[in-house]
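Asker: Sharing final-v9.cif below, mmCIF, C-alpha atoms:
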```cif
data_final
#
loop_
_atom_site.label_atom_id
_atom_site.label_comp_id
_atom_site.auth_asym_id
_atom_site.auth_seq_id
_atom_site.Cartn_x
_atom_site.Cartn_y
_atom_site.Cartn_z
CA MET V 1 8.87 17.28 -20.77
CA THR V 2 8.99 13.52 -21.28
CA THR V 3 5.83 11.46 -21.07
CA ARG V 4 7.02 9.75 -17.91
CA ALA V 5 7.59 13.10 -16.22
CA LEU V 6 4.14 14.19 -17.40
CA ILE V 7 2.53 11.06 -15.92
CA ALA V 8 4.27 11.59 -12.56
CA GLY V 9 3.27 15.26 -12.66
CA LEU V 10 -0.34 14.31 -13.39
CA ALA V 11 -0.35 11.90 -10.43
CA LEU V 12 0.98 14.55 -8.04
CA ALA V 13 -1.26 17.30 -9.44
CA GLY V 14 -4.33 15.06 -9.23
CA LEU V 15 -3.66 14.13 -5.61
CA ALA V 16 -2.86 17.74 -4.67
CA THR V 17 -6.11 18.92 -6.28
CA MET V 18 -8.08 16.22 -4.45
CA THR V 19 -6.48 17.13 -1.13
CA LEU V 20 -7.08 20.87 -1.53
CA ALA V 21 -10.67 20.36 -2.71
CA ASP V 22 -11.26 18.10 0.31
CA LEU V 23 -9.81 20.71 2.68
CA ALA V 24 -12.13 23.31 1.16
CA ALA V 25 -15.16 21.01 1.42
CA THR V 26 -14.54 19.88 5.00
CA GLY V 27 -13.56 23.29 6.27
CA GLY V 28 -10.12 22.11 7.33
CA PRO V 29 -9.04 20.44 10.54
CA ASP V 30 -9.51 21.74 14.07
CA ILE V 31 -5.87 22.20 15.08
CA TYR V 32 -6.86 22.50 18.73
CA ARG V 33 -8.21 18.93 18.76
CA GLN V 34 -5.13 17.02 17.72
CA PRO V 35 -4.29 13.50 18.81
CA PRO V 36 -1.02 12.97 20.72
CA LEU V 37 2.07 12.85 18.50
CA ILE V 38 2.54 9.11 19.04
CA ALA V 39 -0.19 6.58 19.77
CA LEU V 40 2.12 4.31 21.80
CA GLY V 41 2.03 5.44 25.40
CA SER V 42 -0.72 8.00 24.81
CA GLY V 43 -3.35 6.07 26.72
CA ALA V 44 -5.83 6.71 23.91
CA ALA V 45 -7.49 3.94 21.93
CA ALA V 46 -6.50 3.61 18.26
CA GLY V 47 -9.07 5.57 16.30
CA GLY V 48 -7.98 5.17 12.70
CA ALA V 49 -9.58 2.97 10.07
CA HIS V 50 -7.84 -0.07 8.57
CA CYS V 51 -8.72 -2.32 5.67
CA ALA V 52 -8.63 -5.39 7.93
CA ALA V 53 -11.39 -4.02 10.18
CA LEU V 54 -15.11 -4.63 9.79
CA PRO V 55 -17.27 -1.46 9.78
CA GLN V 56 -18.03 0.07 13.17
CA MET I 57 9.56 1.08 -10.89
CA THR I 58 11.77 3.38 -12.87
CA THR I 59 15.20 2.69 -14.25
CA THR I 60 18.18 4.89 -13.65
CA THR I 61 18.72 7.09 -16.69
CA ALA I 62 20.67 10.03 -15.37
CA PRO I 63 21.80 12.14 -18.30
CA ASP I 64 25.57 12.33 -18.62
CA ASP I 65 25.54 15.96 -19.68
CA ALA I 66 23.69 17.22 -16.58
CA ARG I 67 25.83 19.83 -14.84
CA PRO I 68 26.75 18.70 -11.29
CA GLY I 69 25.83 22.10 -9.85
CA ALA I 70 22.41 22.06 -11.44
CA ARG I 71 21.81 18.51 -10.29
CA VAL I 72 22.72 19.33 -6.70
CA ALA I 73 20.42 22.35 -6.81
CA SER I 74 17.50 20.36 -8.20
CA ARG I 75 18.02 17.59 -5.65
CA GLY I 76 18.21 20.14 -2.87
CA ALA I 77 14.96 21.67 -4.09
CA LEU I 78 13.30 18.23 -4.01
CA VAL I 79 14.33 17.58 -0.41
CA PHE I 80 13.41 21.12 0.63
CA GLY I 81 9.99 20.77 -1.02
CA ALA I 82 9.29 17.47 0.74
CA ALA I 83 10.40 18.86 4.11
CA LEU I 84 8.25 21.95 3.61
CA LEU I 85 5.23 19.79 2.84
CA VAL I 86 5.71 17.72 6.00
CA LEU I 87 6.15 20.87 8.10
CA ALA I 88 3.05 22.45 6.55
CA VAL I 89 0.91 19.41 7.35
CA SER I 90 2.37 19.27 10.88
CA ALA I 91 1.61 22.94 11.50
CA LEU I 92 -1.76 23.20 9.77
CA VAL I 93 -3.27 19.76 10.42
CA GLY I 94 -1.36 18.25 13.33
CA ALA I 95 2.05 16.91 14.32
CA ARG I 96 1.00 13.26 14.17
CA TYR I 97 -0.34 13.75 10.65
CA GLY I 98 2.89 15.37 9.53
CA LEU I 99 4.82 12.44 10.98
CA LEU I 100 2.59 9.95 9.17
CA LEU I 101 3.12 11.81 5.89
CA LEU I 102 6.86 11.57 6.55
CA ILE I 103 6.56 7.82 7.16
CA GLY I 104 4.60 7.52 3.91
CA LEU I 105 7.33 9.41 2.08
CA GLY I 106 9.78 6.94 3.60
CA PHE I 107 7.77 3.99 2.25
CA GLY I 108 7.76 5.54 -1.22
CA ILE I 109 11.48 6.34 -1.09
CA VAL I 110 12.42 2.82 0.06
CA LEU I 111 10.15 1.01 -2.40
CA GLU I 112 11.20 3.10 -5.40
CA GLY I 113 14.76 3.76 -4.26
CA PHE I 114 15.64 0.07 -3.82
CA ARG I 115 13.31 -1.08 -6.61
CA PHE I 116 11.62 -3.28 -4.04
CA GLY I 117 8.02 -4.39 -4.36
CA PHE I 118 5.62 -7.29 -4.19
CA ALA I 119 4.29 -8.09 -7.68
CA GLY I 120 7.69 -8.27 -9.39
CA PRO I 121 9.36 -10.59 -6.86
CA TRP I 122 6.37 -12.94 -6.90
CA ARG I 123 6.56 -13.06 -10.68
CA ARG I 124 10.26 -13.90 -10.55
CA THR I 125 9.63 -16.56 -7.90
CA ILE I 126 6.95 -18.20 -10.03
CA ARG I 127 8.55 -17.88 -13.46
CA GLU I 128 12.25 -18.19 -12.68
CA ARG I 129 12.24 -19.78 -9.23
CA ASP I 130 14.14 -16.70 -8.09
CA PRO I 131 13.23 -16.46 -4.39
CA ALA I 132 15.22 -13.36 -3.37
CA GLY I 133 12.49 -10.69 -3.48
CA THR I 134 9.81 -12.87 -1.90
CA VAL I 135 12.17 -14.02 0.85
CA ALA I 136 13.11 -10.38 1.48
CA GLN I 137 9.40 -9.61 1.96
CA LEU I 138 9.12 -12.47 4.47
CA LEU I 139 12.26 -11.24 6.24
CA SER I 140 10.76 -7.78 6.54
CA ILE I 141 7.50 -9.21 7.87
CA GLY I 142 9.46 -11.21 10.45
CA LEU I 143 11.34 -8.11 11.61
CA VAL I 144 8.06 -6.24 12.07
CA ALA I 145 6.61 -9.20 13.97
CA LEU I 146 9.55 -9.12 16.39
CA ALA I 147 8.46 -5.64 17.47
CA ALA I 148 4.71 -5.81 16.84
CA PHE I 149 3.91 -8.90 18.93
CA PRO I 150 5.38 -7.51 22.18
CA LEU I 151 3.94 -4.05 21.51
CA LEU I 152 0.45 -5.41 20.90
CA ALA I 153 0.72 -7.61 24.00
CA THR I 154 1.75 -4.76 26.28
CA HIS I 155 -0.17 -1.86 24.69
CA GLY I 156 -3.35 -3.51 23.52
CA GLN I 157 -5.42 -0.47 24.47
CA GLU I 158 -3.45 1.89 22.26
CA LEU I 159 -2.38 -0.32 19.35
CA ILE I 160 -4.38 -2.65 17.14
CA GLY I 161 -3.26 -5.39 14.77
CA ALA I 162 -4.49 -6.08 11.24
CA HIS I 163 -6.73 -8.87 12.44
CA ALA I 164 -9.55 -10.16 10.24
CA PRO I 165 -11.50 -13.36 9.74
CA ILE I 166 -10.93 -15.98 7.05
CA GLY I 167 -13.94 -16.60 4.83
CA PHE I 168 -15.01 -17.65 1.34
CA ALA I 169 -15.06 -14.07 0.03
CA MET I 170 -11.78 -13.30 1.77
CA ILE I 171 -10.00 -16.17 0.04
CA GLY I 172 -11.67 -15.48 -3.31
CA GLY I 173 -10.82 -11.79 -3.02
CA ALA I 174 -7.16 -12.54 -2.32
CA PHE I 175 -7.04 -14.90 -5.31
CA VAL I 176 -8.46 -12.24 -7.65
CA PHE I 177 -6.12 -9.61 -6.19
CA GLY I 178 -3.12 -11.87 -6.77
CA ALA I 179 -4.11 -12.31 -10.42
CA CYS I 180 -4.82 -8.62 -11.01
CA MET I 181 -1.62 -7.42 -9.36
CA GLN I 182 0.28 -9.48 -11.93
CA ILE I 183 -1.83 -8.15 -14.80
CA VAL I 184 -1.02 -4.51 -14.03
CA MET I 185 2.32 -5.35 -12.34
CA GLY I 186 1.32 -3.35 -9.32
CA CYS I 187 -0.15 -4.27 -5.95
CA GLY I 188 -1.58 -1.83 -3.38
CA SER I 189 1.68 -0.09 -2.64
CA GLY I 190 3.10 -0.83 -6.10
CA THR I 191 0.32 0.98 -7.95
CA LEU I 192 0.99 4.09 -5.83
CA VAL I 193 4.77 3.85 -6.28
CA ASN I 194 4.51 3.26 -10.02
CA ALA I 195 2.03 6.11 -10.54
CA GLY I 196 4.38 8.42 -8.65
CA SER I 197 7.35 7.37 -10.78
CA GLY I 198 5.58 8.01 -14.07
CA ASN I 199 4.09 4.64 -15.03
CA ALA I 200 1.03 5.30 -17.24
CA VAL I 201 -0.56 1.88 -16.63
CA SER I 202 -0.51 2.43 -12.86
CA LEU I 203 -1.81 5.99 -13.14
CA LEU I 204 -4.77 4.70 -15.15
CA ALA I 205 -5.34 1.82 -12.72
CA LEU I 206 -5.20 4.03 -9.61
CA PRO I 207 -8.59 5.83 -9.83
CA PHE I 208 -10.33 2.57 -10.68
CA PHE I 209 -8.54 0.91 -7.76
CA ALA I 210 -10.07 3.60 -5.53
CA ILE I 211 -13.54 3.18 -7.05
CA GLY I 212 -13.30 -0.60 -6.67
CA SER I 213 -12.25 -0.21 -3.05
CA PHE I 214 -15.25 2.05 -2.44
CA PHE I 215 -17.73 -0.47 -3.89
CA GLY I 216 -15.98 -3.46 -2.31
CA ALA I 217 -16.30 -1.84 1.11
CA ASP I 218 -19.93 -0.97 0.40
CA HIS I 219 -20.71 -4.64 -0.37
CA LEU I 220 -18.38 -6.11 2.26
CA LEU I 221 -21.01 -7.30 4.72
CA TRP I 222 -22.97 -9.10 1.99
CA TRP I 223 -19.82 -10.98 0.99
CA THR I 224 -18.80 -11.83 4.55
CA GLY I 225 -22.33 -13.19 5.06
CA LEU I 226 -21.54 -15.99 2.59
CA GLY I 227 -19.44 -17.69 5.23
CA THR I 228 -16.80 -16.35 7.57
CA ALA I 229 -14.91 -18.07 10.37
CA PRO I 230 -14.13 -16.34 13.67
CA THR I 231 -11.05 -14.11 13.66
CA VAL I 232 -7.91 -15.96 14.74
CA ALA I 233 -4.90 -13.93 15.82
CA LEU I 234 -1.69 -15.41 17.16
CA SER I 235 -0.29 -13.52 20.12
CA GLY I 236 2.34 -13.56 22.81
CA THR I 237 5.67 -15.35 22.70
CA THR I 238 4.16 -18.57 21.37
CA GLY I 239 2.36 -16.69 18.60
CA LEU I 240 5.55 -14.86 17.68
CA LEU I 241 7.60 -18.07 17.57
CA VAL I 242 4.96 -19.81 15.44
CA THR I 243 4.89 -16.84 13.05
CA LEU I 244 8.68 -16.68 12.78
CA ALA I 245 8.90 -20.45 12.27
CA ALA I 246 6.28 -20.32 9.51
CA LEU I 247 8.07 -17.42 7.79
CA ALA I 248 11.35 -19.32 8.01
CA ALA I 249 9.76 -22.51 6.66
CA VAL I 250 8.27 -20.74 3.62
CA SER I 251 11.55 -18.93 3.01
CA ALA I 252 13.52 -22.19 3.25
CA PHE I 253 11.12 -23.91 0.86
CA LEU I 254 11.45 -21.14 -1.74
CA TRP I 255 15.22 -21.03 -1.27
CA LEU I 256 15.75 -24.78 -1.58
CA ARG I 257 13.62 -25.14 -4.73
CA ALA I 258 15.58 -22.33 -6.43
CA PRO I 259 18.40 -23.09 -8.88
CA ALA I 260 21.81 -22.69 -7.29
CA ASP I 261 22.59 -19.50 -9.23
CA LYS I 262 19.42 -17.86 -7.93
CA ARG I 263 20.17 -18.43 -4.27
CA VAL I 264 21.58 -14.96 -3.81
CA MET I 265 20.01 -12.10 -1.90
CA PRO I 266 21.03 -8.74 -3.44
CA ARG I 267 22.31 -6.21 -0.93
CA ARG I 268 19.58 -3.74 -1.86
CA PHE I 269 16.93 -6.29 -0.82
CA TRP I 270 18.50 -6.67 2.62
CA ILE I 271 18.54 -2.89 3.08
CA ALA I 272 15.01 -2.47 1.69
CA ALA I 273 13.60 -5.22 3.93
CA ILE I 274 15.15 -3.64 7.05
CA CYS I 275 14.08 -0.08 6.12
CA LEU I 276 10.56 -1.21 5.25
CA ALA I 277 10.29 -3.02 8.59
CA GLY I 278 11.49 0.06 10.45
CA LEU I 279 8.91 2.23 8.73
CA ALA I 280 6.12 -0.30 9.32
CA ILE I 281 6.96 -0.41 13.04
CA ALA I 282 6.99 3.40 13.10
CA ASN I 283 3.57 3.38 11.42
CA LEU I 284 2.24 1.08 14.15
CA VAL I 285 3.77 3.11 16.97
CA VAL I 286 2.67 6.53 15.64
CA ALA I 287 -0.76 5.67 14.21
CA GLY I 288 -1.72 2.93 16.63
CA GLN I 289 -2.49 0.65 13.70
CA PRO I 290 -0.42 -1.27 11.13
CA TRP I 291 0.48 -0.06 7.64
CA GLY I 292 -2.46 -0.23 5.24
CA VAL I 293 -3.39 1.09 1.81
CA VAL I 294 -6.86 0.24 0.50
CA TYR I 295 -9.09 1.85 3.13
CA GLY I 296 -7.63 5.24 2.19
CA LEU I 297 -8.22 4.67 -1.52
CA GLY I 298 -11.85 3.73 -0.89
CA LEU I 299 -12.26 6.80 1.30
CA TRP I 300 -11.03 9.02 -1.54
CA ALA I 301 -13.70 7.57 -3.86
CA ALA I 302 -16.36 7.85 -1.13
CA LYS I 303 -15.48 11.50 -0.65
CA GLY I 304 -15.68 11.98 -4.40
CA ALA I 305 -19.10 10.32 -4.51
CA THR I 306 -20.33 12.54 -1.66
CA ALA I 307 -19.00 15.64 -3.42
CA LEU I 308 -20.98 14.61 -6.51
CA GLY I 309 -24.15 14.45 -4.40
CA ALA I 310 -24.34 10.74 -3.48
CA ASP I 311 -26.10 9.94 -0.21
CA LEU I 312 -24.09 7.22 1.56
CA SER I 313 -26.16 7.20 4.75
CA GLY I 314 -27.85 3.96 3.71
CA SER I 315 -24.58 2.17 2.99
CA ALA I 316 -23.85 -0.76 5.31
CA PHE I 317 -20.21 0.35 5.36
CA TRP I 318 -19.96 4.05 4.57
CA GLY I 319 -23.08 4.85 6.60
CA THR I 320 -21.67 3.53 9.89
CA PRO I 321 -20.78 6.17 12.53
CA GLY I 322 -17.01 5.73 12.24
CA ASN I 323 -17.02 6.12 8.47
CA VAL I 324 -19.52 8.99 8.51
CA GLU I 325 -17.11 10.83 10.82
CA ARG I 326 -14.14 10.10 8.55
CA LEU I 327 -16.06 11.31 5.52
CA ALA I 328 -16.70 14.58 7.32
CA GLN I 329 -13.09 14.98 8.42
CA PRO I 330 -10.25 16.13 6.11
CA LEU I 331 -8.49 13.23 4.43
CA LEU I 332 -5.24 14.66 5.80
CA THR I 333 -6.40 13.28 9.16
CA ASP I 334 -6.88 9.75 7.80
CA VAL I 335 -3.94 7.45 8.53
CA THR I 336 -3.89 5.40 5.33
CA SER I 337 -4.62 8.43 3.12
CA LEU I 338 -1.57 10.19 4.53
CA THR I 339 0.78 7.26 4.01
CA ASN I 340 -0.68 6.68 0.52
CA LEU I 341 -0.02 10.30 -0.43
CA GLY I 342 3.46 9.97 1.00
CA ILE I 343 4.17 6.82 -1.03
CA VAL I 344 3.30 8.58 -4.30
CA GLY I 345 5.33 11.64 -3.27
CA GLY I 346 8.32 9.58 -2.12
CA ALA I 347 8.39 7.58 -5.35
CA SER I 348 8.21 10.80 -7.40
CA LEU I 349 11.02 12.28 -5.36
CA VAL I 350 13.31 9.31 -5.99
CA ALA I 351 12.45 9.19 -9.70
CA ALA I 352 13.20 12.90 -10.06
CA TRP I 353 16.36 12.54 -7.93
CA ARG I 354 17.68 9.89 -10.32
CA ALA I 355 16.57 11.90 -13.33
CA GLY I 356 14.65 8.71 -14.04
CA LEU I 357 11.59 10.35 -15.56
CA GLY I 358 12.75 9.98 -19.16
CA GLY I 359 10.92 7.73 -21.56
CA GLY I 360 7.61 7.79 -23.36
CA LEU I 361 4.22 6.17 -23.16
CA PRO I 362 4.28 2.35 -23.47
CA ASP I 363 3.14 1.14 -26.88
CA LEU I 364 0.22 -1.03 -25.79
CA PRO I 365 -2.86 -2.18 -27.71
CA ALA I 366 -6.32 -0.90 -26.75
CA ARG I 367 -7.20 -4.16 -25.02
CA ALA I 368 -4.29 -3.66 -22.63
CA TRP I 369 -5.64 -0.29 -21.51
CA ILE I 370 -9.15 -1.74 -21.13
CA ALA I 371 -7.69 -4.64 -19.13
CA THR I 372 -5.88 -2.11 -16.92
CA VAL I 373 -9.15 -0.33 -16.09
CA ILE I 374 -10.91 -3.60 -15.24
CA ALA I 375 -7.96 -5.00 -13.28
CA GLY I 376 -7.62 -1.70 -11.41
CA PHE I 377 -11.26 -1.87 -10.35
CA LEU I 378 -10.90 -5.52 -9.34
CA LEU I 379 -7.76 -4.76 -7.31
CA GLY I 380 -9.77 -2.34 -5.21
CA TYR I 381 -12.92 -4.43 -4.97
CA SER I 382 -11.18 -7.73 -4.19
CA SER I 383 -8.83 -6.24 -1.63
CA ARG I 384 -11.80 -5.08 0.44
CA LEU I 385 -13.33 -8.56 0.42
CA ALA I 386 -9.91 -9.97 1.33
CA PHE I 387 -9.55 -7.58 4.30
CA GLY I 388 -6.55 -5.93 2.76
CA CYS I 389 -4.05 -6.01 -0.06
CA ASN I 390 -0.44 -7.16 -0.04
CA VAL I 391 0.19 -4.48 2.59
CA GLY I 392 -2.84 -4.57 4.90
CA ALA I 393 -3.44 -8.33 4.80
CA PHE I 394 -0.17 -10.01 3.80
CA PHE I 395 2.49 -7.72 5.31
CA SER I 396 0.58 -6.27 8.26
CA GLY I 397 -1.74 -9.23 8.84
CA ILE I 398 1.04 -11.78 9.23
CA SER I 399 3.33 -9.43 11.14
CA THR I 400 0.62 -8.77 13.73
CA GLY I 401 -0.44 -12.41 14.04
CA SER I 402 -3.61 -12.60 11.97
CA LEU I 403 -4.25 -15.99 10.39
CA HIS I 404 -6.03 -14.28 7.51
CA GLY I 405 -2.65 -12.91 6.40
CA TRP I 406 -1.44 -16.45 5.75
CA ALA I 407 -4.66 -17.41 3.94
CA TRP I 408 -4.29 -14.23 1.88
CA PHE I 409 -0.70 -15.14 0.97
CA ALA I 410 -1.65 -18.64 -0.22
CA ALA I 411 -4.70 -17.51 -2.19
CA ALA I 412 -3.03 -14.48 -3.77
CA PHE I 413 0.03 -16.51 -4.74
CA GLY I 414 -2.31 -18.98 -6.47
CA GLY I 415 -4.00 -16.10 -8.29
CA ALA I 416 -0.64 -14.73 -9.36
CA PHE I 417 -0.01 -17.86 -11.46
CA TYR I 418 -3.08 -17.03 -13.57
CA GLY I 419 -2.32 -13.30 -13.68
CA ILE I 420 1.10 -14.02 -15.16
CA LYS I 421 -0.55 -16.17 -17.86
CA LEU I 422 -3.18 -13.52 -18.60
CA ARG I 423 -0.74 -10.63 -19.01
CA PRO I 424 0.48 -11.45 -22.54
CA ILE I 425 -3.05 -12.47 -23.64
CA LEU I 426 -4.30 -9.05 -22.56
CA GLY I 427 -1.54 -7.30 -24.52
CA LEU I 428 0.40 -6.03 -21.52
CA GLU I 429 3.55 -7.83 -22.60
CA ALA I 430 4.81 -9.64 -25.69
CA ARG I 431 3.83 -13.29 -26.01
CA SER I 432 6.82 -15.56 -25.53
#
```
Could you render the structure from this file as structure tokens?

Answerer:
Amino acid sequence: MTTRALIAGLALAGLATMTLADLAATGGPDIYRQPPLIALGSGAAAGGAHCAALPQ
Amino acid sequence: MTTTTAPDDARPGARVASRGALVFGAALLVLAVSALVGARYGLLLLIGLGFGIVLEGFRFGFAGPWRRTIRERDPAGTVAQLLSIGLVALAAFPLLATHGQELIGAHAPIGFAMIGGAFVFGACMQIVMGCGSGTLVNAGSGNAVSLLALPFFAIGSFFGADHLLWWTGLGTAPTVALSGTTGLLVTLAALAAVSAFLWLRAPADKRVMPRRFWIAAICLAGLAIANLVVAGQPWGVVYGLGLWAAKGATALGADLSGSAFWGTPGNVERLAQPLLTDVTSLTNLGIVGGASLVAAWRAGLGGGLPDLPARAWIATVIAGFLLGYSSRLAFGCNVGAFFSGISTGSLHGWAWFAAAFGGAFYGIKLRPILGLEARS
């Protein structure tokens, strides 16, 4: 394996580990409380966080 | 970004099989997230994969084109960015005007810390040759400098968010956001004016827009509009990175309840929820995955570790941290502030562009001094 492939593999493995550890720590999502597929037209206020927003 | 180094002796059958496996793996991942977390989250991961595929596939970014604009007066990449922003604005302005309850823009105030943060970000993105999206793309395509910078980017974003209110207290103007038809026309006129300025000051032989930049700008705009429509908010990067570090700090036993940022109700809820339900985390993960997919598709993962002096690696760690910290003070990076801010009418996007471009001049000068490239 070349070093570049190793670096890319490390990046993917690191993020996968973080995601799985987070799922284990948070207990996973409640799949029965999902937002609508698309925000546009849903009637629901945007609930995500963005770097341009001040803390709420 | 990687270079194409497909080996000549690769058997066509084996290559088709490996490429098929890559696409199948990505599709399986999106389906798994859709089924186990939620359909919207699967769609956002798919959009993130699209960002990564476009940025790596067309070798399109932000730091590199700015460098070429400054050093060689080559305007193509920067003008392509402005074109993409304009295309997003064409859709975003009417959508925000008619669906203001469901969609939000990347609107933030201009302030001393915001301008200073953008300046520092502009310098640091030239030092590591990677911006918010670029660091993710480069890490995914096997760039060791970006992989080292990435965790420190996240840690910097965490601390920058934690200190954000102190910095904004130094002096911040009210938020100004252009809107409606007039706002759209002003935005498009300003984008055209900057593009014309860059184009006219370029040498005649540089006044050429490569076809891949046209395609990349259009694809990137399409994905950014999809991000807005699906998530209800524009494309962003740095909030997700800070959230990853905040989750890491919590896992290590840190109590963030006293934090002016991470202790607020909205952020406490996000810390308790899986990161696969966070919009920017999903697109960030997709960007890394998409870039890896393209690099593997091209068989572009050959090559070894760059031969850099110790001071270059130390500079990468510091610049990575500063990228994260400064982008929080600046209310976004090249994606959240520049791309999404301008395309949704926020005046801070323009201030960010001017300040970061100024910082980029110094970053380009610092890069050889720090050992990240040979001195000319």

Asker: Excluding Pro29 of chain V and its own-chain neighbours fewer than 2 positions away, which residues fall within 10 Å of it when counting only C-alpha atoms? Please give them as a short mmCIF file (atom, residue, chain, number, x, y, z; two decimals) with C-alpha atoms, in the frame of the given file.

Answerer:
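Contents of the output file out.cif:
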```cif
data_model
loop_
_atom_site.label_atom_id
_atom_site.label_comp_id
_atom_site.auth_asym_id
_atom_site.auth_seq_id
_atom_site.Cartn_x
_atom_site.Cartn_y
_atom_site.Cartn_z
CA LEU V 23 -9.81 20.71 2.68
CA THR V 26 -14.54 19.88 5.00
CA GLY V 27 -13.56 23.29 6.27
CA ILE V 31 -5.87 22.20 15.08
CA TYR V 32 -6.86 22.50 18.73
CA ARG V 33 -8.21 18.93 18.76
CA GLN V 34 -5.13 17.02 17.72
CA LEU I 92 -1.76 23.20 9.77
CA VAL I 93 -3.27 19.76 10.42
CA GLY I 94 -1.36 18.25 13.33
CA GLN I 329 -13.09 14.98 8.42
CA PRO I 330 -10.25 16.13 6.11
CA LEU I 331 -8.49 13.23 4.43
CA LEU I 332 -5.24 14.66 5.80
CA THR I 333 -6.40 13.28 9.16
#
```

Asker: Hey, what comes out of the PyMOL selection byres ((chain V) within 6 of (chain I)) on this file? Could you write it as a PyMOL selection string?

Answerer: chain V and resi 2-5+7-8+23+26+29+31+34+37-40+44-46+50-52+55-56

Asker: Find the distance between atom CA of Val232 of chain I and atom CA of Gly186 of chain I and write it in Å to one decimal.

Answerer: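 That distance, rounded to one decimal, is 28.7 Å.
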
Asker: Tell me, in Å to one decimal, how far atom CA of Ala245 of chain I is from atom CA of Ile166 of chain I.

Answerer: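 Answer for the atom CA of Ala245 of chain I to atom CA of Ile166 of chain I separation: 21.0 Å.
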
Asker: Report as a ChimeraX atom specification the residues that result from applying the PyMOL selection byres ((chain I and resi 275) around 12) to the structure here.

Answerer: /I:103,106-111,113-114,116,136-137,139-141,143-144,268-274,276-282

Asker: Determine the nearest neighbour of Leu403 of chain I from the options I:Val242, I:Ala416, I:Leu87, I:Ile211, counting only C-alpha atoms.

Answerer: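 Using only C-alpha atoms, Leu403 of chain I sits closest to I:Val242.
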
Asker: Determine, counting all atoms listed in the file, which protein, DNA and RNA residues have an atom within 10 Å of an atom of Val79 of chain I; residues of the same chain fewer than 5 positions away are not included. Present the result as a VMD selection string.

Answerer: chain I and resid 74 84 to 85 349 353

Asker: Which is closest to Glu429 of chain I among I:Ala73, I:Ile398, I:Ala368, I:Leu241, if we use all atoms listed in the file?

Answerer: I:Ala368

Asker: What do you get, as a PyMOL selection string, if you spell out every residue that the PyMOL selection byres ((chain I and resi 131) around 9) selects here?

Answerer: chain I and resi 121-122+124-126+128-130+132-136+251+254-255+257-258+262-265

Asker: I'd like the box whose edges run along x, y and z of the file and which contains every listed atom of segment 45-55 of chain V, padded by 5 Å per side; could you state its centre and edge lengths in Å, one decimal, as JSON?

Answerer:
```
{"center_x": -11.9, "center_y": 0.1, "center_z": 13.8, "size_x": 20.8, "size_y": 21.0, "size_z": 26.3}
```

Asker: Extract segment 9-40 of chain V from the structure I just pasted (atoms: C-alpha atoms) and return it as a PDB file, in the first residue's frame.

Answerer:
```pdb
ATOM      1  CA  GLY V   9      -7.458   4.972   4.555  1.00  0.00           C
ATOM      2  CA  LEU V  10      -6.546   6.558   7.889  1.00  0.00           C
ATOM      3  CA  ALA V  11      -8.891   9.488   7.192  1.00  0.00           C
ATOM      4  CA  LEU V  12     -11.804   7.178   6.375  1.00  0.00           C
ATOM      5  CA  ALA V  13     -11.058   4.799   9.253  1.00  0.00           C
ATOM      6  CA  GLY V  14     -10.766   7.682  11.714  1.00  0.00           C
ATOM      7  CA  LEU V  15     -14.092   9.186  10.664  1.00  0.00           C
ATOM      8  CA  ALA V  16     -15.809   5.782  10.660  1.00  0.00           C
ATOM      9  CA  THR V  17     -14.504   5.078  14.174  1.00  0.00           C
ATOM     10  CA  MET V  18     -15.687   8.489  15.377  1.00  0.00           C
ATOM     11  CA  THR V  19     -19.129   7.964  13.851  1.00  0.00           C
ATOM     12  CA  LEU V  20     -19.573   4.480  15.301  1.00  0.00           C
ATOM     13  CA  ALA V  21     -18.311   5.549  18.742  1.00  0.00           C
ATOM     14  CA  ASP V  22     -20.749   8.477  18.640  1.00  0.00           C
ATOM     15  CA  LEU V  23     -23.637   6.179  17.704  1.00  0.00           C
ATOM     16  CA  ALA V  24     -22.738   3.923  20.631  1.00  0.00           C
ATOM     17  CA  ALA V  25     -22.482   6.871  23.037  1.00  0.00           C
ATOM     18  CA  THR V  26     -25.719   8.572  21.993  1.00  0.00           C
ATOM     19  CA  GLY V  27     -27.715   5.384  21.748  1.00  0.00           C
ATOM     20  CA  GLY V  28     -28.484   5.920  18.077  1.00  0.00           C
ATOM     21  CA  PRO V  29     -31.248   7.947  16.477  1.00  0.00           C
ATOM     22  CA  ASP V  30     -34.975   7.586  17.041  1.00  0.00           C
ATOM     23  CA  ILE V  31     -36.054   6.523  13.554  1.00  0.00           C
ATOM     24  CA  TYR V  32     -39.688   7.255  14.393  1.00  0.00           C
ATOM     25  CA  ARG V  33     -38.920  10.959  14.894  1.00  0.00           C
ATOM     26  CA  GLN V  34     -37.481  11.825  11.520  1.00  0.00           C
ATOM     27  CA  PRO V  35     -37.755  15.205   9.839  1.00  0.00           C
ATOM     28  CA  PRO V  36     -39.499  15.351   6.437  1.00  0.00           C
ATOM     29  CA  LEU V  37     -37.303  14.266   3.519  1.00  0.00           C
ATOM     30  CA  ILE V  38     -37.004  17.815   2.184  1.00  0.00           C
ATOM     31  CA  ALA V  39     -37.157  21.016   4.222  1.00  0.00           C
ATOM     32  CA  LEU V  40     -38.622  23.060   1.358  1.00  0.00           C
TER      33      LEU V  40
END
```
